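Asker: My questions all concern the structure below.
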Amino acid sequence: MLADSILEGLNPEQSAAVQTTEGPVLVLAGAGSGKTRVLTQRIAWLVGVQGIAPESILAVTFTNKAAGEMRERVEKLLGEDAKAIWLTTFHAGCVRILRRDIGHLGFSRGFVIYDEADTLGVIKDALQRHGLSPKTTDPRRLRWRIDQWKNAGVTPAGAAESAYDFEAERAAEIFATYQRLLADAGALDFNDLLLKTVELFERFPEVLGYYQRRWQYVLVDEYQDTNRVQYRLVQMLAAGHRNICVVGDPDQSVYGWRGADIRNILDFEKDYPDTKIVTLERNYRSTQPILDGASGVVENNLSRRRKRLFTEKEGGEKIIIFQARDDREEASYVIRDILNHVRGQGRAHGDCAIFYRTNAQSRVFEEELLKYDVPYVVVGGVRFYDRAEVKDALAYLRLVVNPADSAALRRIVNKPARGIGKTTFERAEQICAERGVTLLEGLRLFGETDAGSRAAPKIRRFLDMHARLRDELLRATPARAMARVLDESGYLAALEKENNPEAETRLENLRELLSAAEDFTRANAEIQDERGELELFLDQVALVSDLDSYDRRDDQVSMMTIHSAKGLEYPIVYLVGLEEGVFPHASSSRDDDGLEEERRLCYVGMTRAKERLTITTAAERMRFGSRTYGIPSRFIEEIPSEVTLREGGPTRARPTPVSESTDPAYDYSYAQDDPGESGGVSPGLRVRHPHFGPGVVLAVKGSGPAQKLKVNFERAGVKTLILKYANLEIG
DNA sequence: TCTGTAGGCGTTTTT
DNA sequence: CGCCTACAGA
């Protein structure tokens, strides 16, 4: 019977969470306690046993990846029926709602979604309109401030009202201008996607009513990460039937800086006094020492609901704590430990993961991995869709879909160089501001008023091209539109003309983008939507992250920030850089709230490990290009000493100059150093790397033992290598 | 208007 | 250290 198979293998608490379908339910799920399993089985139970129509279920997650994985698992249980379930991220779900109903708010349904770079441009524009320079007012700080307001659901008017000093008043004014400029461009930023949906529901009860009736059951994953706007959204949707099930872990709330409000989960019972609470404390992932260590750390947080994870697993290795002299020794220790496990213990590279606090820390590890020729993948950091050429191509498409998109226009108006430079464009901006027309229209007006000027014919040609592309491509497939736009604009030709390895890399990225567009068409062949496929494609790329495309492979070590690691697990985990200032990060150590969030982050990192956890710290570290000295993180002391095993540390010789090192890695480097010359390596030389394959040297930096190369590999793209470690063959 | 270079600055984490 | 911006020169 289906009911039995759904409940099979669940413990009593999980089983209760699955079967309690009516009324508010709060599932407090500790790390590794099978929370995703509960969510998927619960959906299966609703449909397969209770006979609930799939289309009346809404399940919301934070990442596309989580949504995708959940959908996969639900489809396995329910087959075709699963397709009608709304299983989506907050942002993607809101886009879907707004594309249908934003017209009520006087917004075009053809709105574009602005990313970080786009919004920064809008902030700068707003500053300018207030007669302020980006030099005196830091645009990033201002945007951060505006984001904080928006996270909390504060409007420009509200911000102005609560302004307590001149600076806040001015920030509130710029906030208002920023929103106006977005509206003029037909654009919404990430926060607007949520805010506009809330506004829509508040102002148009009949619209809210439609969705309330539609979704009889609402499920929310990672509830501890919701901000006040998301909270409000969920509350409104569940107001009628109150069949709301939220799953989360207050100890894993690590997005406070992005507006997540831990009160949402802590106060859930107050919002719904008849809440059924299910606590999942049995851990299916880690060994007891790892759980004890992680609990030991997080128990230092004062504002915390008591919870104690346990496992039935017997024994387990202690947590290893390694104290390194410097960041390089830290990295080489980790890499060699990985190699020991791979070569000596039959482990796969893919069993191992390295987690750090900030992306910048990945560099040293990458260099060491290259040195020892260990295959790896870095998750996060620069996103594919953040690369300049990819954004340029997409900007052309955006401008086709929405001619008001000023950020897109700003981006590509003179790419490739077509004689519409800074001065010309500034005039267009001025006209746009004075007359309240779109930027493109401002450009047109300028060309007409100054018909005799040098720029006029160039403007006309650009506008003609745009009009032509718009006529031709509005209903085209994304791949066709992309190919056409790159060709017609001369973008591709200009890149090909450059004829150097860097341009080749960029062309390669554009080819990849093109195939992503083709994939999109293939994947959405059956989806019928009144909106053009091109628009749907642009929606998707606006909301994907690098993490979404990460697929764990057996043959690669994974590296990522702890934030990115949330929700993942590995047999062997290295948590690195545990020094005061690095982790906990200096800018979060000011107040108790920040520190407690760092501590939860540490807990998240530690609980990713299934069997073996190594924590490392370094006495010296290169930061901002100069040597800095650190002391071990307080979190290390918070791990109960019974479950730790210390290696390295102050008992060893004091820090010695590198040349006197007994570290074989260093000795090796000096043995290799003698040939003196770098073997006559110079840009343009074709080389072969044992792991990356053939490539061309782009640049040579420095000299002596530290000489570095920038090499463009045919398969792997541009990498910076240390010559003496890279084992390059010439030719 | 475009291109190359010198200086300044930053780094927290990201849907 | 590396990226981005501002600025100078052609």
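We label chains A, B, ... in the order they appear in the structure tokens, count residues from 1 in each chain, and number ligands from 1 in the order shown.
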Excluding DG2 in chain C and its own-chain neighbours fewer than 5 positions away, which residues fall within 12 Å of it when counting only C-alpha atoms (C1' of nucleotides)? Please give them as a ChimeraX atom specification.
Answerer: /A:360,363,623-625 /B:9-11
Asker: Take the residues from that selection and put them in a file with N, CA and C atoms (P, O5', C5', C4', C3', O3' and C1' of nucleotides), as an mmCIF file, in the first residue's frame.
Answerer:
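What follows is the written file selection-v1.cif:
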```cif
data_model
loop_
_atom_site.group_PDB
_atom_site.id
_atom_site.type_symbol
_atom_site.label_atom_id
_atom_site.label_comp_id
_atom_site.auth_asym_id
_atom_site.auth_seq_id
_atom_site.Cartn_x
_atom_site.Cartn_y
_atom_site.Cartn_z
ATOM 1 N N ALA A 360 37.727 34.644 -1.029
ATOM 2 C CA ALA A 360 39.126 34.979 -1.285
ATOM 3 C C ALA A 360 40.073 33.903 -0.761
ATOM 4 N N ARG A 363 42.012 30.832 -3.028
ATOM 5 C CA ARG A 363 43.172 30.915 -3.912
ATOM 6 C C ARG A 363 44.336 30.010 -3.509
ATOM 7 N N ARG A 623 46.785 38.649 3.587
ATOM 8 C CA ARG A 623 45.479 39.249 3.332
ATOM 9 C C ARG A 623 45.682 40.616 2.719
ATOM 10 N N PHE A 624 44.896 40.957 1.734
ATOM 11 C CA PHE A 624 45.051 42.248 1.034
ATOM 12 C C PHE A 624 46.472 42.427 0.555
ATOM 13 N N GLY A 625 47.138 41.342 0.250
ATOM 14 C CA GLY A 625 48.477 41.469 -0.282
ATOM 15 C C GLY A 625 49.555 41.675 0.752
ATOM 16 P P DC B 9 41.035 55.621 -1.611
ATOM 17 O "O5'" DC B 9 40.233 54.256 -1.561
ATOM 18 C "C5'" DC B 9 39.298 53.957 -2.598
ATOM 19 C "C4'" DC B 9 39.054 52.483 -2.612
ATOM 20 C "C3'" DC B 9 38.922 51.882 -1.213
ATOM 21 O "O3'" DC B 9 37.685 51.229 -1.133
ATOM 22 C "C1'" DC B 9 40.371 50.585 -2.579
ATOM 23 P P DG B 10 37.002 51.016 0.279
ATOM 24 O "O5'" DG B 10 36.389 49.589 -0.031
ATOM 25 C "C5'" DG B 10 36.246 49.196 -1.404
ATOM 26 C "C4'" DG B 10 36.483 47.706 -1.524
ATOM 27 C "C3'" DG B 10 36.116 46.909 -0.291
ATOM 28 O "O3'" DG B 10 35.550 45.694 -0.751
ATOM 29 C "C1'" DG B 10 38.356 46.491 -0.805
ATOM 30 P P DT B 11 34.008 45.681 -1.004
ATOM 31 O "O5'" DT B 11 33.631 44.358 -0.291
ATOM 32 C "C5'" DT B 11 34.466 43.715 0.208
ATOM 33 C "C4'" DT B 11 34.744 42.760 1.179
ATOM 34 C "C3'" DT B 11 35.588 43.313 2.332
ATOM 35 O "O3'" DT B 11 35.077 42.943 3.628
ATOM 36 C "C1'" DT B 11 36.557 41.393 1.352
#
```
Asker: Using the chain letters and numbers from this document, which residues of range 210-250 of chain A does DSSP assign to strand (DSSP E), as an MDAnalysis selection string?
Answerer: chainID A and resid 217:220 244:248
Asker: Give me, as a PyMOL selection string, all polymer residues having an atom no more than 12 Å from DT3 in chain B, counting only C-alpha atoms (C1' of nucleotides) and skipping those fewer than 4 positions away in the same chain.
Answerer: (chain A and resi 417) or (chain C and resi 7-10)
Asker: Need to verify the contact set: Val47 in chain A, 12 Å, only C-alpha atoms (C1' of nucleotides), exclusion of same-chain residues closer than 2 positions in sequence. Can you return it as a PyMOL selection string?
Answerer: chain A and resi 2-3+6+18-19+21+40-45+49-57+74-75+77-85+216-217
Asker: Set the cut-off to 7 Å and count only C-alpha atoms (C1' of nucleotides): what are the residues of chain A that reach chain B? Output as a PyMOL selection string.
Answerer: chain A and resi 62-63+358+419+421+563+585
Asker: Extract, using only C-alpha atoms (C1' of nucleotides), all DNA, RNA and protein residues at most 6 Å from Val687 in chain A, discarding same-chain residues fewer than 2 positions from it, and format them as a PDB file with N, CA and C atoms, in the first residue's frame.
Answerer:
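Full text of out_3.pdb as output:
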```
ATOM      1  N   PRO A 694      46.212  21.050 -23.021  1.00  0.00           N
ATOM      2  CA  PRO A 694      46.929  22.080 -23.779  1.00  0.00           C
ATOM      3  C   PRO A 694      46.398  23.486 -23.510  1.00  0.00           C
ATOM      4  N   GLY A 695      47.305  24.465 -23.614  1.00  0.00           N
ATOM      5  CA  GLY A 695      46.919  25.856 -23.410  1.00  0.00           C
ATOM      6  C   GLY A 695      48.002  26.801 -23.899  1.00  0.00           C
ATOM      7  N   VAL A 696      47.694  28.086 -23.797  1.00  0.00           N
ATOM      8  CA  VAL A 696      48.633  29.105 -24.265  1.00  0.00           C
ATOM      9  C   VAL A 696      48.956  30.052 -23.105  1.00  0.00           C
ATOM     10  N   GLU A 729      54.574  20.991 -19.686  1.00  0.00           N
ATOM     11  CA  GLU A 729      55.428  20.598 -20.800  1.00  0.00           C
ATOM     12  C   GLU A 729      55.291  21.674 -21.857  1.00  0.00           C
ATOM     13  N   ILE A 730      56.364  21.891 -22.565  1.00  0.00           N
ATOM     14  CA  ILE A 730      56.284  22.893 -23.628  1.00  0.00           C
ATOM     15  C   ILE A 730      55.811  22.246 -24.917  1.00  0.00           C
ATOM     16  N   GLY A 731      54.918  22.955 -25.624  1.00  0.00           N
ATOM     17  CA  GLY A 731      54.448  22.487 -26.931  1.00  0.00           C
ATOM     18  C   GLY A 731      53.124  21.765 -26.866  1.00  0.00           C
TER      19      GLY A 731
END
```
Asker: Just list as a VMD selection string whatever in range 34-273 of chain A DSSP marks as alpha helix (DSSP H).
Answerer: chain A and resid 35 to 44 64 to 78 90 to 101 116 to 129 139 to 151 156 to 161 166 to 184 190 to 203 205 to 214 228 to 238 263 to 266 268 to 271
